[in-house]
Structures are given as C-alpha cells and as structure tokens.
Amino acid sequence: MRKPRVLRAKQRADAAIDSIKSDAATSPHPAPQSAKMEPAEDSKSQTSNPVANEVQNATALVSPAPKPLPTAHVYPTPARRARTRGRHWFLALSFLLICAAPIAAAAYYLWTHAADQYASNLAFSVRSEEQGSAVELLGGVTELSGSSSADTDILYAYLTSQELVSKVNARLDLSAIWSRVPVSADPVFAYDPAGTIEDLLAHWQRKISIIYDSGTRLIDVRVLAFDPGDAQAVAQAVMEESTAMINALSDIARDDAIKYARDELAVASIRLKEARQNLTRFRNRTQIVDPSIDTQNQMGVLVTLQRQLADALIEFDLLQDTTRAGDPRISQATRRVDVIQKRIDAERRKLGLGTGAQEGVVFADLVGEYEGLIVDREFAEAAYTSALATHDAALAEARRQSRYLAAHIRPTLAQQAEYPERIKTLLIVALFSFLAWTILSLVYYSLRDRS
C-alpha cells in the first residue's frame, strides 16, 4: 500500500509543476530566472511525513522555484501647467532694453547716418648710421650718434602730441577736413569746427591710428578722412613733420657733439701752451737746454778727476818710498792731491752727491724738475691730439646725416571707403550688450534668491 501512495504523490507533484510552467509561460511579466528558491535550512519548517518530504525534495530537484509576480508601477501626480509670471516679463523687457535696443540703434545709425571714411596708410622707422671714427683709435671715445630705439620712442610720443596737431592743422586746416560731413548728419564721426585745440587733439586720436612695434621699432600710421585725397594729404604732412623732428634731433646731437669737442680742444690747447711756457722758463732760468745731457757731461768730468786723483795718489806713494823727508816734490804731490780732491767734492755737490749737496742748486733737483715739465708737456700733447681728432670727427659727423626717417610704406591713396567697419562695429555692440544683459540678469536673480 505504501508504494502506490508514493506514486500518486509524485503524479500530483508533476501536475503542479506543469501548471506552474504553463502559468509562467502565459504571464506578461516573467520573473528573472536567476531567482531560485533556496531549500529551507530550518529543521522546524520540515514536515514529519517522509512521503511528503520525498515529494518536496523531488519537486525542488526537478523544477525551478516559482518566480515572484511583477510589482505594479506607481505614477506621480501630474505637474501643474506653467504660467508666465512677472519676473519673466521683466527679464524679457530688460533683454529688449539692454540688448536688442542698442543693437537696433547701432545698426540704424551705422547704415543710415554714419558717413563713409577713407584710409591712408604709411609705415616708417628711424634709422641711425653707426660708423667707427678716428676717435676710437685714439682713446676709445664712444660714437657720436645715438641709438635709434630712443629716437623711435620719442617719435611715437611726438605723433600723439599737441605740437604735431597744431603744425598739421596750420598746414592743412584739419578742422575743415574732418568737418566736411556736418555734425548734424553724423554726430559720432564728424568734427565740430568750433572746437578748441584740445577737442581737435581728441578727434586726432580717433582719426589717427598708431601701431608701434617695440621689437622691430616700426611705426604704422592709419589716417581716416571723408575724402581719400584729404587722408593722403594728412598722412603726407605727418611724415614730413616727423622727418623734420628727426632732423632737428640730429642737429641738436651734432651741435652738442661739436660744442663738446670744441671746448675740449680749447682746454687741451691751453694746457699744452702752459706746459711749453713752463719748460721755456725753466731753460731760461737755468741756462740749460737739457739737464740730462749736462748731467752726463758732469759725470764725465767727475770720472776724469777721479782717474787723475788715483794717478796723483800713486805718484805720492812712490815719492814717499824713494825720497827722504822734506823733499819739495812730496809737498807738491800732496798739494796736487788736495786740489783734485776739492774739485771732485765740488763736482759731486753739483750732481747732488755727497754731504754738501744742500748748499746750492744741484743737478738732481734740476733733472727732477725738468722731467716733471717734460711729463706735463707730453700729457698735454696727447690730450691735444685726442681733442683735435674728436673735433675733426665731430665736424665730419656734422657733414653727414647720422639719423633719418626711413619710410617703407609711403602714404597711400584709397579707392574704396572701408570705414566705419559697420559689421564689425555692430558685432562688438551686440557682444557687449549681451554681456551687460547677462551680468545684470545674474545679479538680479542672485539678489532675488538671497531675499
């Protein structure tokens, strides 16, 4: 009876498994197959019936665990419909006033009122010729011409000065040139002829564009006017006035160099004359042309006397050995030795040798004084030679143009009006207007969030 009961239990388990598989196949949301039911580990949850345990174990081994049912989706509450609020209207109005209105006004003015302008371009640089001169060979004196970099800096400052504006206005009447279009028709780019020189200088800085490259020392100038001929004339006047200014700097530098060289030459000439006069007075006072020659002669006399003294002493010794006492020849030889010795002492005092040299004028003092005068004269002659060479070099430098304005682009004549650059100007106005509106909007919302 036990075996048929087990078979019936197994058949029921198979039927249950088949029904579960059919339900899983027909379900619209199948559960993932990875979720398997683990057998219970707790011994209390198992039944005490051995048949039921076998059926349960067979079911767990034959078929997978039943899959969980899908969960139902929960939909949120639908949002309310957006409405236009006051801050939105304020933001749109601020965009129209701060961004759109300036762009429209700039476009309207540029294409309806702004007059066409013509450009004339020129470019130049200051060149300086650096040449070695004879001055460098005589004393290492620096060259007379200055560097072109400082001249270019000076010229750049001169191009924006009131002095240049006054000179060009006196030649061409800038007020009439830049007021060909009346202010009533173009109040932005036209010039009011009733303005002062300061107003003209301010308008000059708007019409004259100067680009200075500090690396290459080149200056590019662009002149704008309502007529191409006027623009070229102003550019030509700017170049001529700049050339005159550079020439004036050259003249000042040459005059300074010549004046300095002339003064140095005069001082050197005076010193040379004084040195020669001092040497002449020494010769007249001492009646000696060259003390060194007289000293050599005195030394020759002293050597001769010393030789004679030696001969006299030898003769005296011989007389003492060959004659008896009281011989008149011995007294004569003694007197000769004394005379020669006195003469030697006198000659030594003249040369500055011996104990009695301080009693009178000696040749050593005369030679020292003479050598000092000779050194002064030689130094004065060298200084005079250097000053004379410097003066000659300065004169040669003055005869040539050491610095000049080199224009590598002459003033051009425009054939088409390129200014004002309407599209570029409009884009710049649009960019800054949009940036201003963006910044103000961010500031507004920042303050609103803080309140």
# chains A, B, ... in the order shown; residues from 1 in each chain; ligands from 1

call {"tool": "residues_around", "arguments": {"residues": "segment 117-129 of chain A", "least_positions_apart": "4", "cutoff": "8 Å", "atoms": "only C-alpha atoms", "output": "number ranges by chain"}}
result
A: 145-149, 151-152, 217-228, 231-232, 235, 246, 402-420

call {"tool": "write_last_selection", "arguments": {"atoms": "N, CA and C atoms", "output": "short mmCIF file (atom, residue, chain, number, x, y, z; two decimals), in the first residue's frame"}}
result
data_model
loop_
_atom_site.label_atom_id
_atom_site.label_comp_id
_atom_site.auth_asym_id
_atom_site.auth_seq_id
_atom_site.Cartn_x
_atom_site.Cartn_y
_atom_site.Cartn_z
N SER A 145 76.74 109.28 -32.64
CA SER A 145 75.32 109.10 -32.92
C SER A 145 74.69 108.20 -31.89
N GLY A 146 73.43 108.52 -31.51
CA GLY A 146 72.72 107.75 -30.52
C GLY A 146 72.00 106.57 -31.14
N SER A 147 71.38 105.77 -30.28
CA SER A 147 70.66 104.59 -30.76
C SER A 147 69.32 104.99 -31.35
N SER A 148 68.85 104.20 -32.32
CA SER A 148 67.59 104.50 -32.99
C SER A 148 66.39 104.15 -32.14
N SER A 149 66.57 103.29 -31.12
CA SER A 149 65.43 102.89 -30.30
C SER A 149 64.88 104.08 -29.54
N ASP A 151 65.18 107.21 -30.36
CA ASP A 151 64.58 108.12 -31.33
C ASP A 151 63.18 107.65 -31.74
N THR A 152 62.99 106.34 -31.89
CA THR A 152 61.67 105.82 -32.24
C THR A 152 60.66 106.06 -31.12
N ARG A 217 60.82 98.07 -33.93
CA ARG A 217 60.93 99.54 -33.97
C ARG A 217 60.27 100.12 -35.21
N LEU A 218 59.17 99.52 -35.64
CA LEU A 218 58.42 100.02 -36.79
C LEU A 218 57.15 100.71 -36.30
N ILE A 219 56.76 101.76 -36.99
CA ILE A 219 55.56 102.53 -36.65
C ILE A 219 54.63 102.50 -37.87
N ASP A 220 53.40 102.03 -37.67
CA ASP A 220 52.37 102.02 -38.70
C ASP A 220 51.32 103.06 -38.34
N VAL A 221 50.99 103.91 -39.30
CA VAL A 221 50.04 105.00 -39.08
C VAL A 221 48.90 104.86 -40.09
N ARG A 222 47.67 105.00 -39.60
CA ARG A 222 46.48 104.99 -40.45
C ARG A 222 45.70 106.27 -40.21
N VAL A 223 45.42 106.98 -41.30
CA VAL A 223 44.72 108.26 -41.25
C VAL A 223 43.36 108.10 -41.90
N LEU A 224 42.30 108.55 -41.22
CA LEU A 224 40.94 108.47 -41.75
C LEU A 224 40.44 109.87 -42.08
N ALA A 225 39.70 109.97 -43.19
CA ALA A 225 39.09 111.23 -43.61
C ALA A 225 37.90 110.90 -44.50
N PHE A 226 37.02 111.89 -44.70
CA PHE A 226 35.84 111.68 -45.54
C PHE A 226 36.16 111.75 -47.02
N ASP A 227 37.40 112.15 -47.36
CA ASP A 227 37.83 112.22 -48.76
C ASP A 227 39.19 111.53 -48.86
N PRO A 228 39.40 110.69 -49.87
CA PRO A 228 40.69 109.98 -49.96
C PRO A 228 41.88 110.91 -50.14
N ALA A 231 42.82 112.32 -46.73
CA ALA A 231 43.51 111.33 -45.91
C ALA A 231 44.97 111.20 -46.33
N GLN A 232 45.24 111.18 -47.63
CA GLN A 232 46.62 111.10 -48.10
C GLN A 232 47.41 112.35 -47.76
N ALA A 235 48.36 112.23 -44.11
CA ALA A 235 49.44 111.26 -43.91
C ALA A 235 50.78 111.80 -44.40
N ILE A 246 62.93 114.50 -36.59
CA ILE A 246 64.11 113.65 -36.50
C ILE A 246 65.36 114.43 -36.93
N SER A 402 73.32 111.42 -39.75
CA SER A 402 73.52 110.20 -38.97
C SER A 402 72.22 109.46 -38.71
N ARG A 403 71.10 110.15 -38.59
CA ARG A 403 69.80 109.52 -38.38
C ARG A 403 68.78 110.15 -39.31
N TYR A 404 67.86 109.32 -39.79
CA TYR A 404 66.88 109.80 -40.74
C TYR A 404 65.64 108.91 -40.64
N LEU A 405 64.55 109.42 -41.21
CA LEU A 405 63.28 108.70 -41.20
C LEU A 405 63.18 107.86 -42.47
N ALA A 406 63.13 106.55 -42.30
CA ALA A 406 63.04 105.62 -43.44
C ALA A 406 61.60 105.15 -43.56
N ALA A 407 60.90 105.59 -44.62
CA ALA A 407 59.51 105.20 -44.85
C ALA A 407 59.47 104.03 -45.81
N HIS A 408 59.08 102.86 -45.30
CA HIS A 408 58.97 101.70 -46.18
C HIS A 408 57.57 101.57 -46.79
N ILE A 409 56.60 102.35 -46.32
CA ILE A 409 55.27 102.44 -46.95
C ILE A 409 54.92 103.92 -47.05
N ARG A 410 54.87 104.44 -48.25
CA ARG A 410 54.52 105.84 -48.47
C ARG A 410 53.01 106.03 -48.27
N PRO A 411 52.56 107.27 -48.02
CA PRO A 411 51.11 107.50 -47.85
C PRO A 411 50.32 107.00 -49.06
N THR A 412 49.36 106.13 -48.80
CA THR A 412 48.56 105.51 -49.86
C THR A 412 47.31 106.33 -50.14
N LEU A 413 46.76 106.14 -51.35
CA LEU A 413 45.52 106.80 -51.77
C LEU A 413 44.43 105.73 -51.89
N ALA A 414 43.40 105.85 -51.07
CA ALA A 414 42.33 104.84 -51.05
C ALA A 414 41.40 105.00 -52.24
N GLN A 415 40.88 103.91 -52.74
CA GLN A 415 39.90 103.90 -53.81
C GLN A 415 38.52 103.45 -53.34
N GLN A 416 38.42 102.94 -52.15
CA GLN A 416 37.16 102.45 -51.62
C GLN A 416 37.07 102.79 -50.14
N ALA A 417 35.88 103.18 -49.71
CA ALA A 417 35.65 103.52 -48.31
C ALA A 417 35.53 102.22 -47.50
N GLU A 418 36.45 102.01 -46.60
CA GLU A 418 36.44 100.82 -45.76
C GLU A 418 35.96 101.09 -44.34
N TYR A 419 35.78 102.33 -44.00
CA TYR A 419 35.39 102.70 -42.64
C TYR A 419 34.15 103.60 -42.70
N PRO A 420 33.35 103.56 -41.65
CA PRO A 420 33.48 102.73 -40.44
C PRO A 420 33.14 101.27 -40.73
#

call {"tool": "select_by_dssp", "arguments": {"residues": "segment 128-281 of chain A", "states": "strand (DSSP E or B)", "output": "MDAnalysis selection string"}}
result
chainID A and resid 128 208:213 218:225

call {"tool": "write_last_selection", "arguments": {"atoms": "all heavy atoms", "output": "tab-separated table (two decimals), in the first residue's frame"}}
result
chain	number	residue	atom	x	y	z
A	128	SER	N	69.57	104.84	-37.90
A	128	SER	CA	70.75	105.55	-37.42
A	128	SER	C	71.98	104.84	-37.93
A	128	SER	O	72.12	103.62	-37.76
A	128	SER	CB	70.76	105.62	-35.89
A	128	SER	OG	71.92	106.28	-35.43
A	208	ILE	N	43.49	109.16	-36.16
A	208	ILE	CA	44.85	108.70	-36.43
A	208	ILE	C	45.11	107.48	-35.56
A	208	ILE	O	45.09	107.56	-34.33
A	208	ILE	CB	45.89	109.80	-36.15
A	208	ILE	CG1	45.54	111.08	-36.90
A	208	ILE	CG2	47.27	109.32	-36.52
A	208	ILE	CD1	45.58	110.95	-38.41
A	209	SER	N	45.34	106.36	-36.21
A	209	SER	CA	45.65	105.12	-35.50
A	209	SER	C	47.14	104.84	-35.64
A	209	SER	O	47.67	104.76	-36.76
A	209	SER	CB	44.83	103.95	-36.06
A	209	SER	OG	45.20	102.74	-35.45
A	210	ILE	N	47.84	104.69	-34.50
A	210	ILE	CA	49.29	104.49	-34.48
A	210	ILE	C	49.58	103.14	-33.84
A	210	ILE	O	49.15	102.88	-32.71
A	210	ILE	CB	50.00	105.62	-33.70
A	210	ILE	CG1	49.63	106.98	-34.30
A	210	ILE	CG2	51.50	105.41	-33.71
A	210	ILE	CD1	50.12	108.15	-33.48
A	211	ILE	N	50.29	102.29	-34.56
A	211	ILE	CA	50.68	100.97	-34.06
A	211	ILE	C	52.21	100.95	-34.01
A	211	ILE	O	52.87	101.10	-35.03
A	211	ILE	CB	50.15	99.84	-34.95
A	211	ILE	CG1	48.62	99.89	-35.02
A	211	ILE	CG2	50.61	98.49	-34.43
A	211	ILE	CD1	48.03	98.87	-35.97
A	212	TYR	N	52.74	100.77	-32.80
A	212	TYR	CA	54.19	100.80	-32.59
A	212	TYR	C	54.65	99.41	-32.14
A	212	TYR	O	54.21	98.90	-31.11
A	212	TYR	CB	54.54	101.85	-31.54
A	212	TYR	CG	55.99	101.87	-31.14
A	212	TYR	CD1	57.00	101.74	-32.09
A	212	TYR	CD2	56.37	102.02	-29.81
A	212	TYR	CE1	58.32	101.76	-31.73
A	212	TYR	CE2	57.70	102.04	-29.44
A	212	TYR	CZ	58.66	101.92	-30.41
A	212	TYR	OH	59.98	101.93	-30.04
A	213	ASP	N	55.52	98.80	-32.94
A	213	ASP	CA	56.09	97.50	-32.61
A	213	ASP	C	57.43	97.74	-31.92
A	213	ASP	O	58.41	98.15	-32.55
A	213	ASP	CB	56.28	96.67	-33.88
A	213	ASP	CG	56.68	95.23	-33.58
A	213	ASP	OD1	56.95	94.93	-32.40
A	213	ASP	OD2	56.71	94.40	-34.51
A	218	LEU	N	59.17	99.52	-35.64
A	218	LEU	CA	58.42	100.02	-36.79
A	218	LEU	C	57.15	100.71	-36.30
A	218	LEU	O	56.53	100.28	-35.32
A	218	LEU	CB	58.07	98.88	-37.74
A	218	LEU	CG	59.24	98.11	-38.36
A	218	LEU	CD1	58.72	97.01	-39.26
A	218	LEU	CD2	60.16	99.05	-39.12
A	219	ILE	N	56.76	101.76	-36.99
A	219	ILE	CA	55.56	102.53	-36.65
A	219	ILE	C	54.63	102.50	-37.87
A	219	ILE	O	55.04	102.91	-38.97
A	219	ILE	CB	55.90	103.98	-36.26
A	219	ILE	CG1	56.78	103.99	-34.99
A	219	ILE	CG2	54.64	104.78	-36.02
A	219	ILE	CD1	57.18	105.38	-34.56
A	220	ASP	N	53.40	102.03	-37.67
A	220	ASP	CA	52.37	102.02	-38.70
A	220	ASP	C	51.32	103.06	-38.34
A	220	ASP	O	50.81	103.07	-37.21
A	220	ASP	CB	51.72	100.64	-38.82
A	220	ASP	CG	52.70	99.58	-39.28
A	220	ASP	OD1	53.65	99.95	-39.97
A	220	ASP	OD2	52.51	98.40	-38.92
A	221	VAL	N	50.99	103.91	-39.30
A	221	VAL	CA	50.04	105.00	-39.08
A	221	VAL	C	48.90	104.86	-40.09
A	221	VAL	O	49.15	104.62	-41.28
A	221	VAL	CB	50.72	106.38	-39.23
A	221	VAL	CG1	49.72	107.51	-38.97
A	221	VAL	CG2	51.90	106.50	-38.26
A	222	ARG	N	47.67	105.00	-39.60
A	222	ARG	CA	46.48	104.99	-40.45
A	222	ARG	C	45.70	106.27	-40.21
A	222	ARG	O	45.36	106.61	-39.08
A	222	ARG	CB	45.61	103.78	-40.13
A	222	ARG	CG	44.40	103.63	-41.07
A	222	ARG	CD	43.47	102.56	-40.55
A	222	ARG	NE	42.91	102.94	-39.26
A	222	ARG	CZ	42.41	102.08	-38.38
A	222	ARG	NH1	42.44	100.79	-38.63
A	222	ARG	NH2	41.91	102.50	-37.22
A	223	VAL	N	45.42	106.98	-41.30
A	223	VAL	CA	44.72	108.26	-41.25
A	223	VAL	C	43.36	108.10	-41.90
A	223	VAL	O	43.27	107.57	-43.03
A	223	VAL	CB	45.54	109.38	-41.94
A	223	VAL	CG1	44.80	110.70	-41.86
A	223	VAL	CG2	46.92	109.49	-41.32
A	224	LEU	N	42.30	108.55	-41.22
A	224	LEU	CA	40.94	108.47	-41.75
A	224	LEU	C	40.44	109.87	-42.08
A	224	LEU	O	40.71	110.84	-41.36
A	224	LEU	CB	40.00	107.83	-40.72
A	224	LEU	CG	40.31	106.37	-40.31
A	224	LEU	CD1	39.30	105.89	-39.28
A	224	LEU	CD2	40.30	105.46	-41.52
A	225	ALA	N	39.70	109.97	-43.19
A	225	ALA	CA	39.09	111.23	-43.61
A	225	ALA	C	37.90	110.90	-44.50
A	225	ALA	O	37.77	109.76	-45.00
A	225	ALA	CB	40.09	112.13	-44.34

call {"tool": "residues_around", "arguments": {"residues": "Arg276 of chain A", "least_positions_apart": "6", "cutoff": "10 Å", "atoms": "only C-alpha atoms", "output": "PyMOL selection string"}}
result
chain A and resi 282+373-374+376-378+380-381

call {"tool": "write_last_selection", "arguments": {"atoms": "all heavy atoms", "output": "PDB file, in the first residue's frame"}}
result
ATOM      1  N   PHE A 282     111.957 127.431 -17.510  1.00  0.00           N
ATOM      2  CA  PHE A 282     112.991 126.641 -16.830  1.00  0.00           C
ATOM      3  C   PHE A 282     114.324 126.734 -17.566  1.00  0.00           C
ATOM      4  O   PHE A 282     115.387 126.891 -16.942  1.00  0.00           O
ATOM      5  CB  PHE A 282     112.523 125.185 -16.754  1.00  0.00           C
ATOM      6  CG  PHE A 282     113.571 124.232 -16.287  1.00  0.00           C
ATOM      7  CD1 PHE A 282     113.868 124.105 -14.938  1.00  0.00           C
ATOM      8  CD2 PHE A 282     114.291 123.457 -17.209  1.00  0.00           C
ATOM      9  CE1 PHE A 282     114.858 123.223 -14.516  1.00  0.00           C
ATOM     10  CE2 PHE A 282     115.275 122.583 -16.787  1.00  0.00           C
ATOM     11  CZ  PHE A 282     115.559 122.464 -15.442  1.00  0.00           C
ATOM     12  N   LEU A 373     108.356 118.689 -15.961  1.00  0.00           N
ATOM     13  CA  LEU A 373     107.883 119.555 -17.044  1.00  0.00           C
ATOM     14  C   LEU A 373     107.721 118.777 -18.349  1.00  0.00           C
ATOM     15  O   LEU A 373     106.785 119.026 -19.118  1.00  0.00           O
ATOM     16  CB  LEU A 373     108.870 120.714 -17.233  1.00  0.00           C
ATOM     17  CG  LEU A 373     108.966 121.701 -16.054  1.00  0.00           C
ATOM     18  CD1 LEU A 373     110.067 122.727 -16.311  1.00  0.00           C
ATOM     19  CD2 LEU A 373     107.631 122.395 -15.830  1.00  0.00           C
ATOM     20  N   ILE A 374     108.650 117.854 -18.592  1.00  0.00           N
ATOM     21  CA  ILE A 374     108.546 117.050 -19.807  1.00  0.00           C
ATOM     22  C   ILE A 374     107.302 116.172 -19.778  1.00  0.00           C
ATOM     23  O   ILE A 374     106.582 116.033 -20.789  1.00  0.00           O
ATOM     24  CB  ILE A 374     109.817 116.189 -19.981  1.00  0.00           C
ATOM     25  CG1 ILE A 374     111.016 117.082 -20.334  1.00  0.00           C
ATOM     26  CG2 ILE A 374     109.617 115.151 -21.070  1.00  0.00           C
ATOM     27  CD1 ILE A 374     110.880 117.825 -21.640  1.00  0.00           C
ATOM     28  N   ASP A 376     104.488 116.753 -18.136  1.00  0.00           N
ATOM     29  CA  ASP A 376     103.330 117.626 -18.351  1.00  0.00           C
ATOM     30  C   ASP A 376     103.164 117.991 -19.816  1.00  0.00           C
ATOM     31  O   ASP A 376     102.049 118.017 -20.350  1.00  0.00           O
ATOM     32  CB  ASP A 376     103.478 118.899 -17.502  1.00  0.00           C
ATOM     33  CG  ASP A 376     103.385 118.603 -16.012  1.00  0.00           C
ATOM     34  OD1 ASP A 376     102.846 117.531 -15.656  1.00  0.00           O
ATOM     35  OD2 ASP A 376     103.848 119.437 -15.209  1.00  0.00           O
ATOM     36  N   ARG A 377     104.269 118.256 -20.460  1.00  0.00           N
ATOM     37  CA  ARG A 377     104.182 118.612 -21.877  1.00  0.00           C
ATOM     38  C   ARG A 377     103.709 117.422 -22.720  1.00  0.00           C
ATOM     39  O   ARG A 377     102.873 117.579 -23.622  1.00  0.00           O
ATOM     40  CB  ARG A 377     105.545 119.103 -22.367  1.00  0.00           C
ATOM     41  CG  ARG A 377     105.511 119.675 -23.785  1.00  0.00           C
ATOM     42  CD  ARG A 377     106.887 119.903 -24.321  1.00  0.00           C
ATOM     43  NE  ARG A 377     107.598 118.621 -24.509  1.00  0.00           N
ATOM     44  CZ  ARG A 377     108.838 118.545 -25.023  1.00  0.00           C
ATOM     45  NH1 ARG A 377     109.499 119.637 -25.372  1.00  0.00           N
ATOM     46  NH2 ARG A 377     109.415 117.351 -25.156  1.00  0.00           N
ATOM     47  N   GLU A 378     104.226 116.229 -22.446  1.00  0.00           N
ATOM     48  CA  GLU A 378     103.816 115.059 -23.226  1.00  0.00           C
ATOM     49  C   GLU A 378     102.331 114.735 -23.000  1.00  0.00           C
ATOM     50  O   GLU A 378     101.609 114.409 -23.957  1.00  0.00           O
ATOM     51  CB  GLU A 378     104.683 113.859 -22.840  1.00  0.00           C
ATOM     52  CG  GLU A 378     106.132 113.993 -23.288  1.00  0.00           C
ATOM     53  CD  GLU A 378     106.974 112.816 -22.821  1.00  0.00           C
ATOM     54  OE1 GLU A 378     106.430 111.996 -22.023  1.00  0.00           O
ATOM     55  OE2 GLU A 378     108.148 112.715 -23.227  1.00  0.00           O
ATOM     56  N   ALA A 380     100.003 116.883 -22.145  1.00  0.00           N
ATOM     57  CA  ALA A 380      99.244 117.934 -22.815  1.00  0.00           C
ATOM     58  C   ALA A 380      99.224 117.714 -24.322  1.00  0.00           C
ATOM     59  O   ALA A 380      98.199 117.955 -24.986  1.00  0.00           O
ATOM     60  CB  ALA A 380      99.837 119.300 -22.472  1.00  0.00           C
ATOM     61  N   GLU A 381     100.324 117.251 -24.884  1.00  0.00           N
ATOM     62  CA  GLU A 381     100.353 116.979 -26.318  1.00  0.00           C
ATOM     63  C   GLU A 381      99.416 115.823 -26.681  1.00  0.00           C
ATOM     64  O   GLU A 381      98.706 115.892 -27.701  1.00  0.00           O
ATOM     65  CB  GLU A 381     101.784 116.661 -26.752  1.00  0.00           C
ATOM     66  CG  GLU A 381     102.725 117.867 -26.743  1.00  0.00           C
ATOM     67  CD  GLU A 381     104.145 117.484 -27.087  1.00  0.00           C
ATOM     68  OE1 GLU A 381     104.409 116.255 -27.153  1.00  0.00           O
ATOM     69  OE2 GLU A 381     104.987 118.390 -27.284  1.00  0.00           O
TER      70      GLU A 381
END

call {"tool": "closest_residue", "arguments": {"among": "A:Val339, A:Ala237, A:Met245, A:Cys99", "to": "Ala157 of chain A", "atoms": "only C-alpha atoms"}}
result
A:Met245

call {"tool": "select_by_dssp", "arguments": {"residues": "segment 207-407 of chain A", "states": "alpha helix (DSSP H)", "output": "ChimeraX atom specification"}}
result
/A:207,228-286,291-322,328-351,363-399

call {"tool": "residues_around", "arguments": {"residues": "segment 161-173 of chain A", "least_positions_apart": "4", "cutoff": "8 Å", "atoms": "only C-alpha atoms", "output": "list in words"}}
result
Ala157, Ile177, Ile197, Glu198, Leu200, Leu201, Trp204, Ala233, Val234, Ala237, Val238 and Glu241 of chain A

call {"tool": "atom_distance", "arguments": {"atom1": "atom CA of Ala104 of chain A", "atom2": "atom CA of His88 of chain A"}}
result
22.2 Å
